[in-house]
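Single-structure report; data block below.
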Amino acid sequence: MGFIFNDITSASMGIKARLTSWQVCGKLRNFTTTVPGKYGVADFGADFDYREIKVQCNVYPKHSFTALVSALDDVAAWLDPVQGLRQLVLDDVPDRYFMARLNDAVDCERLIRSAGSFELKFFCPDPFGYAITDETFSIVEEGVHTITRTIGNIESLPVYRIKGVITAGASNYISITTNGSELKIVNATLSEGETLIVDTDKMTAYVVDENGETLRNGLPYLQELNFPTLAVGDNTVTVEVSNATLTELQIGAKSRWR
C-alpha cells in the first residue's frame, strides 16, 4: 500500500506506507444543551466535523544515517503543511481523494542505523472523499428528466454549467428545478459561446468564455441564492425556458463519500 500526495507517490519518495485505521465517517459535532429539571441533554442533531487519516510509514534502508536524514528532509519538503491543503489518494481506496495536510509533528523512530518508521496524521477539514472519476449529466431540452447518481453514499454539491442565449428582462429566464429545489436564472445576459457556471459547493456563480476565462460575476443572475443538491440514486430535474434558448445543461455530480 502507498499513497499519492500532491501528485507525488510515496514509493517515489522511498517510503513504504500502510493504513493503520480507517474512520467509518469523520468526527461528529453534536448540538445539545442542558435543560434544567431534565435528565441528560436536549438533542438538536449532529453534523460532520473534520476527518483524520493515519498512515504508518517505513523508510527503505539507506547506506548511511546521513542518507536517511537526507531522505527525511525530502519527505519534509514534500509534505510541508505550510503549503496548505493538497490532494491525497490512498492506494487502498483508489476511487476517491481527500483534501489534506499534516496535522502533527512527525518523529522518525530508528529501526536500524539507516532505516526508520514514523506515523503521518493527515488533517482533512472537509471530511468527505471525492470521486476521482465522476459522473456528468447532460440535458439539451426542456421538460422533466431523471438523472441517476451511482457513485458515493451522501448527497453531493454539484456544478451546473448552463449554455445558451438569454437577454436582460424580467420575463426572460431559464429555470432548473432539482428534486423540488429551483435554480432560476432571470434578467441575465448570456451570449452564444458563453457558459454560466453555478458552483453549489462554493455558493458562487460566474460566466466564462469558450476558453474558460472568467468574464463576470453570475450571482446577480440568480433570482434566489438557492443551490440544489443531488441525492444518491434517482434525481428529478425539470427545465423550463421563457424567452431564452437553452443549448445544453451539464451537471457535474461532484460525488462524495461520508
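Scheme for the C-alpha cells: letters A, B, ... for chains in order shown; per-chain residue numbers from 1; ligand numbers from 1 in order shown.
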How close does each residue of segment 87-198 of chain A get to segment 208-211 of chain A, giving the shortest atom pair and distance in Å to one decimal for every residue with an atom at most 6 Å away, counting only C-alpha atoms, sorted by chain and residue number, as CSV?
residue,atom,partner,partner_atom,distance
A:Gly193,CA,A:Glu210,CA,5.6
A:Glu194,CA,A:Asp209,CA,4.7
A:Thr195,CA,A:Val208,CA,5.4
For those residues, write all heavy atoms to a file as a compact mmCIF listing (two decimals), in the first residue's frame.
# COMPACT_ATOMS: atom_id res chain seq x y z
N GLY A 193 -21.64 31.02 -26.97
CA GLY A 193 -20.24 30.78 -26.67
C GLY A 193 -19.88 31.00 -25.21
O GLY A 193 -18.80 30.65 -24.76
N GLU A 194 -20.81 31.60 -24.46
CA GLU A 194 -20.58 31.82 -23.03
C GLU A 194 -21.26 30.72 -22.21
O GLU A 194 -22.25 30.13 -22.63
CB GLU A 194 -21.10 33.20 -22.61
CG GLU A 194 -20.36 34.35 -23.25
CD GLU A 194 -20.89 35.70 -22.80
OE1 GLU A 194 -22.02 35.76 -22.23
OE2 GLU A 194 -20.19 36.71 -23.02
N THR A 195 -20.74 30.49 -21.01
CA THR A 195 -21.30 29.48 -20.11
C THR A 195 -21.45 30.08 -18.72
O THR A 195 -20.51 30.67 -18.18
CB THR A 195 -20.38 28.24 -20.03
OG1 THR A 195 -20.20 27.69 -21.35
CG2 THR A 195 -20.99 27.18 -19.13
For Val24 of chain A: contacts at 10 Å, only C-alpha atoms, fewer than 2 positions along chain excluded, given as a CSV table (one decimal) with all heavy atoms, in the first residue's frame:
chain,number,residue,atom,x,y,z
A,21,SER,N,-5.6,2.5,10.5
A,21,SER,CA,-7.0,2.5,10.9
A,21,SER,C,-7.8,3.3,9.8
A,21,SER,O,-7.2,3.8,8.9
A,21,SER,CB,-7.2,3.3,12.2
A,21,SER,OG,-6.8,4.6,12.1
A,22,TRP,N,-9.1,3.2,9.9
A,22,TRP,CA,-10.0,3.9,8.9
A,22,TRP,C,-11.2,4.4,9.6
A,22,TRP,O,-12.0,3.6,10.3
A,22,TRP,CB,-10.4,2.9,7.8
A,22,TRP,CG,-11.2,3.6,6.8
A,22,TRP,CD1,-12.5,3.4,6.5
A,22,TRP,CD2,-10.7,4.5,5.8
A,22,TRP,NE1,-12.9,4.2,5.5
A,22,TRP,CE2,-11.9,4.9,5.0
A,22,TRP,CE3,-9.5,5.1,5.5
A,22,TRP,CZ2,-11.8,5.8,4.0
A,22,TRP,CZ3,-9.4,6.0,4.5
A,22,TRP,CH2,-10.5,6.4,3.7
A,26,GLY,N,-16.2,10.8,9.3
A,26,GLY,CA,-15.5,11.8,10.1
A,26,GLY,C,-16.0,12.1,11.4
A,26,GLY,O,-17.1,11.5,11.8
A,27,LYS,N,-15.3,12.8,12.2
A,27,LYS,CA,-15.7,13.2,13.6
A,27,LYS,C,-17.1,13.9,13.5
A,27,LYS,O,-17.4,14.5,12.5
A,27,LYS,CB,-14.7,14.1,14.3
A,27,LYS,CG,-13.4,13.4,14.5
A,27,LYS,CD,-12.4,14.4,15.1
A,27,LYS,CE,-11.0,13.8,15.3
A,27,LYS,NZ,-11.0,12.7,16.4
A,51,ARG,N,-12.0,15.1,9.4
A,51,ARG,CA,-11.5,13.7,9.3
A,51,ARG,C,-10.0,13.7,9.6
A,51,ARG,O,-9.3,14.6,9.1
A,51,ARG,CB,-11.8,13.1,8.0
A,51,ARG,CG,-11.3,11.6,7.8
A,51,ARG,CD,-11.6,11.1,6.4
A,51,ARG,NE,-13.0,11.0,6.1
A,51,ARG,CZ,-13.6,9.8,6.3
A,51,ARG,NH1,-13.0,8.7,6.7
A,51,ARG,NH2,-14.9,9.7,5.9
A,258,ARG,N,-19.2,9.8,2.7
A,258,ARG,CA,-19.0,10.3,4.1
A,258,ARG,C,-17.9,9.5,4.8
A,258,ARG,O,-17.5,8.5,4.4
A,258,ARG,CB,-20.4,10.1,4.8
A,258,ARG,CG,-20.9,8.7,4.9
A,258,ARG,CD,-22.0,8.5,5.9
A,258,ARG,NE,-23.1,9.4,5.7
A,258,ARG,CZ,-24.1,9.2,5.0
A,258,ARG,NH1,-24.2,8.0,4.3
A,258,ARG,NH2,-25.1,10.0,4.8
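Taking atom CA of Thr238 of chain A as the reference point, atom CA of Thr146 of chain A is found at 8.6 Å.
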From a backbone DSSP assignment, name each residue in segment 59-112 of chain A labelled strand (DSSP E), as a PyMOL selection string. chain A and resi 59+86-90+93-102+109-112
Selection: 6 Å around Cys124 of chain A, only C-alpha atoms, excl. self and same-chain fewer than 5 positions, as a PyMOL selection string: chain A and resi 50-51+99-100
Sort by chain and increasing residue number a table of all residues of segment 113-228 of chain A within 10 Å of segment 67-85 of chain A, each with its closest pair of atoms and their distance in Å to one decimal, counting only C-alpha atoms, and write it as a Markdown table.
| residue | atom | partner | partner_atom | distance |
| --- | --- | --- | --- | --- |
| A:Arg113 | CA | A:Leu68 | CA | 8.9 |
| A:Ser114 | CA | A:Leu68 | CA | 5.7 |
| A:Ala115 | CA | A:Leu68 | CA | 6.6 |
| A:Gly116 | CA | A:Leu68 | CA | 8.1 |
| A:Leu120 | CA | A:Leu79 | CA | 9.7 |
| A:Phe122 | CA | A:Pro81 | CA | 9.6 |
| A:Phe123 | CA | A:Leu85 | CA | 8.9 |
| A:Cys124 | CA | A:Leu85 | CA | 8.2 |
| A:Pro125 | CA | A:Leu85 | CA | 9.0 |
List as a PyMOL selection string the protein and nucleic acid residues near segment 2-6 of chain A, meaning an atom at most 10 Å away when only C-alpha atoms are counted, but skip any in the same chain fewer than 5 places from it. chain A and resi 11-12+15-19+55-57+78-79+85-94+97-101
Keeping only N, CA, C and O atoms, write those residues as a short mmCIF file (atom, residue, chain, number, x, y, z; two decimals), in the first residue's frame.
data_model
loop_
_atom_site.label_atom_id
_atom_site.label_comp_id
_atom_site.auth_asym_id
_atom_site.auth_seq_id
_atom_site.Cartn_x
_atom_site.Cartn_y
_atom_site.Cartn_z
N ALA A 11 6.01 5.83 -2.91
CA ALA A 11 7.08 4.92 -3.36
C ALA A 11 8.22 5.69 -4.00
O ALA A 11 9.40 5.35 -3.80
N SER A 12 7.90 6.73 -4.77
CA SER A 12 8.95 7.51 -5.42
C SER A 12 9.79 8.29 -4.41
O SER A 12 10.91 8.71 -4.72
N ILE A 15 9.35 5.53 0.43
CA ILE A 15 8.56 5.23 1.62
C ILE A 15 7.61 4.06 1.35
O ILE A 15 6.94 4.03 0.33
N LYS A 16 7.56 3.13 2.29
CA LYS A 16 6.55 2.07 2.27
C LYS A 16 5.48 2.47 3.28
O LYS A 16 5.80 2.75 4.45
N ALA A 17 4.23 2.52 2.86
CA ALA A 17 3.17 3.05 3.72
C ALA A 17 1.99 2.09 3.79
O ALA A 17 1.73 1.32 2.87
N ARG A 18 1.27 2.14 4.93
CA ARG A 18 0.05 1.35 5.09
C ARG A 18 -0.89 2.08 6.04
O ARG A 18 -0.47 2.82 6.94
N LEU A 19 -2.19 1.86 5.83
CA LEU A 19 -3.20 2.42 6.72
C LEU A 19 -3.23 1.63 8.02
O LEU A 19 -3.24 0.39 8.01
N VAL A 55 -1.44 7.19 8.63
CA VAL A 55 -0.68 6.31 7.73
C VAL A 55 0.64 5.97 8.40
O VAL A 55 1.40 6.87 8.80
N GLN A 56 0.91 4.68 8.54
CA GLN A 56 2.18 4.22 9.11
C GLN A 56 3.20 4.05 7.99
O GLN A 56 2.91 3.42 6.97
N CYS A 57 4.38 4.63 8.17
CA CYS A 57 5.38 4.66 7.10
C CYS A 57 6.71 4.06 7.56
O CYS A 57 7.09 4.18 8.73
N TRP A 78 8.26 17.67 0.84
CA TRP A 78 7.12 17.16 0.06
C TRP A 78 5.81 17.35 0.81
O TRP A 78 4.79 17.76 0.24
N LEU A 79 5.81 17.08 2.13
CA LEU A 79 4.58 17.10 2.92
C LEU A 79 4.42 18.40 3.70
O LEU A 79 3.55 18.47 4.58
N LEU A 85 -3.65 22.78 1.90
CA LEU A 85 -4.29 21.51 1.55
C LEU A 85 -3.85 21.04 0.17
O LEU A 85 -3.73 21.84 -0.76
N ARG A 86 -3.63 19.73 0.07
CA ARG A 86 -3.28 19.11 -1.20
C ARG A 86 -4.09 17.82 -1.36
O ARG A 86 -4.60 17.26 -0.39
N GLN A 87 -4.18 17.34 -2.58
CA GLN A 87 -4.97 16.13 -2.84
C GLN A 87 -4.23 14.89 -2.34
O GLN A 87 -3.05 14.70 -2.62
N LEU A 88 -4.95 14.08 -1.58
CA LEU A 88 -4.42 12.84 -1.01
C LEU A 88 -5.22 11.66 -1.55
O LEU A 88 -6.45 11.62 -1.40
N VAL A 89 -4.53 10.71 -2.17
CA VAL A 89 -5.16 9.49 -2.69
C VAL A 89 -4.47 8.30 -2.06
O VAL A 89 -3.23 8.18 -2.12
N LEU A 90 -5.24 7.40 -1.46
CA LEU A 90 -4.71 6.21 -0.81
C LEU A 90 -4.82 5.02 -1.75
O LEU A 90 -5.88 4.80 -2.35
N ASP A 91 -3.74 4.24 -1.86
CA ASP A 91 -3.75 3.09 -2.76
C ASP A 91 -4.85 2.10 -2.40
O ASP A 91 -5.40 1.43 -3.28
N ASP A 92 -5.17 1.98 -1.11
CA ASP A 92 -6.21 1.05 -0.68
C ASP A 92 -7.61 1.53 -1.02
O ASP A 92 -8.57 0.75 -1.02
N VAL A 93 -7.76 2.83 -1.27
CA VAL A 93 -9.07 3.41 -1.63
C VAL A 93 -8.85 4.29 -2.87
O VAL A 93 -8.92 5.51 -2.79
N PRO A 94 -8.60 3.68 -4.02
CA PRO A 94 -8.13 4.44 -5.19
C PRO A 94 -9.21 5.21 -5.95
O PRO A 94 -8.88 5.95 -6.88
N TYR A 97 -10.48 10.92 -3.50
CA TYR A 97 -9.39 11.73 -2.97
C TYR A 97 -9.90 12.57 -1.81
O TYR A 97 -11.10 12.85 -1.67
N PHE A 98 -8.98 12.96 -0.95
CA PHE A 98 -9.26 13.86 0.16
C PHE A 98 -8.37 15.08 0.04
O PHE A 98 -7.25 15.00 -0.47
N MET A 99 -8.86 16.22 0.50
CA MET A 99 -8.03 17.41 0.58
C MET A 99 -7.44 17.45 1.99
O MET A 99 -8.18 17.53 2.97
N ALA A 100 -6.11 17.35 2.07
CA ALA A 100 -5.49 17.10 3.37
C ALA A 100 -4.16 17.83 3.52
O ALA A 100 -3.55 18.29 2.55
N ARG A 101 -3.72 17.90 4.76
CA ARG A 101 -2.37 18.36 5.11
C ARG A 101 -1.98 17.69 6.41
O ARG A 101 -2.84 17.14 7.13
#
Point-to-point distance in Å for atom CA of Asp47 of chain A and atom CA of Thr20 of chain A: 25.2 Å
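Minimum distance to Glu135 of chain A across A:Met203, A:Val59, A:Val232, A:Ile151 (counting only C-alpha atoms) occurs at A:Ile151.
Counting only C-alpha atoms, the residue from A:Lys163, A:Ile176, A:Ala188, A:Pro158 that sits nearest to Ala231 of chain A is A:Pro158.
Distances here use only C-alpha atoms; by that measure, the residue among A:Thr236, A:Ile166, A:Ile251, A:Lys121 closest to Thr200 of chain A is A:Ile251.
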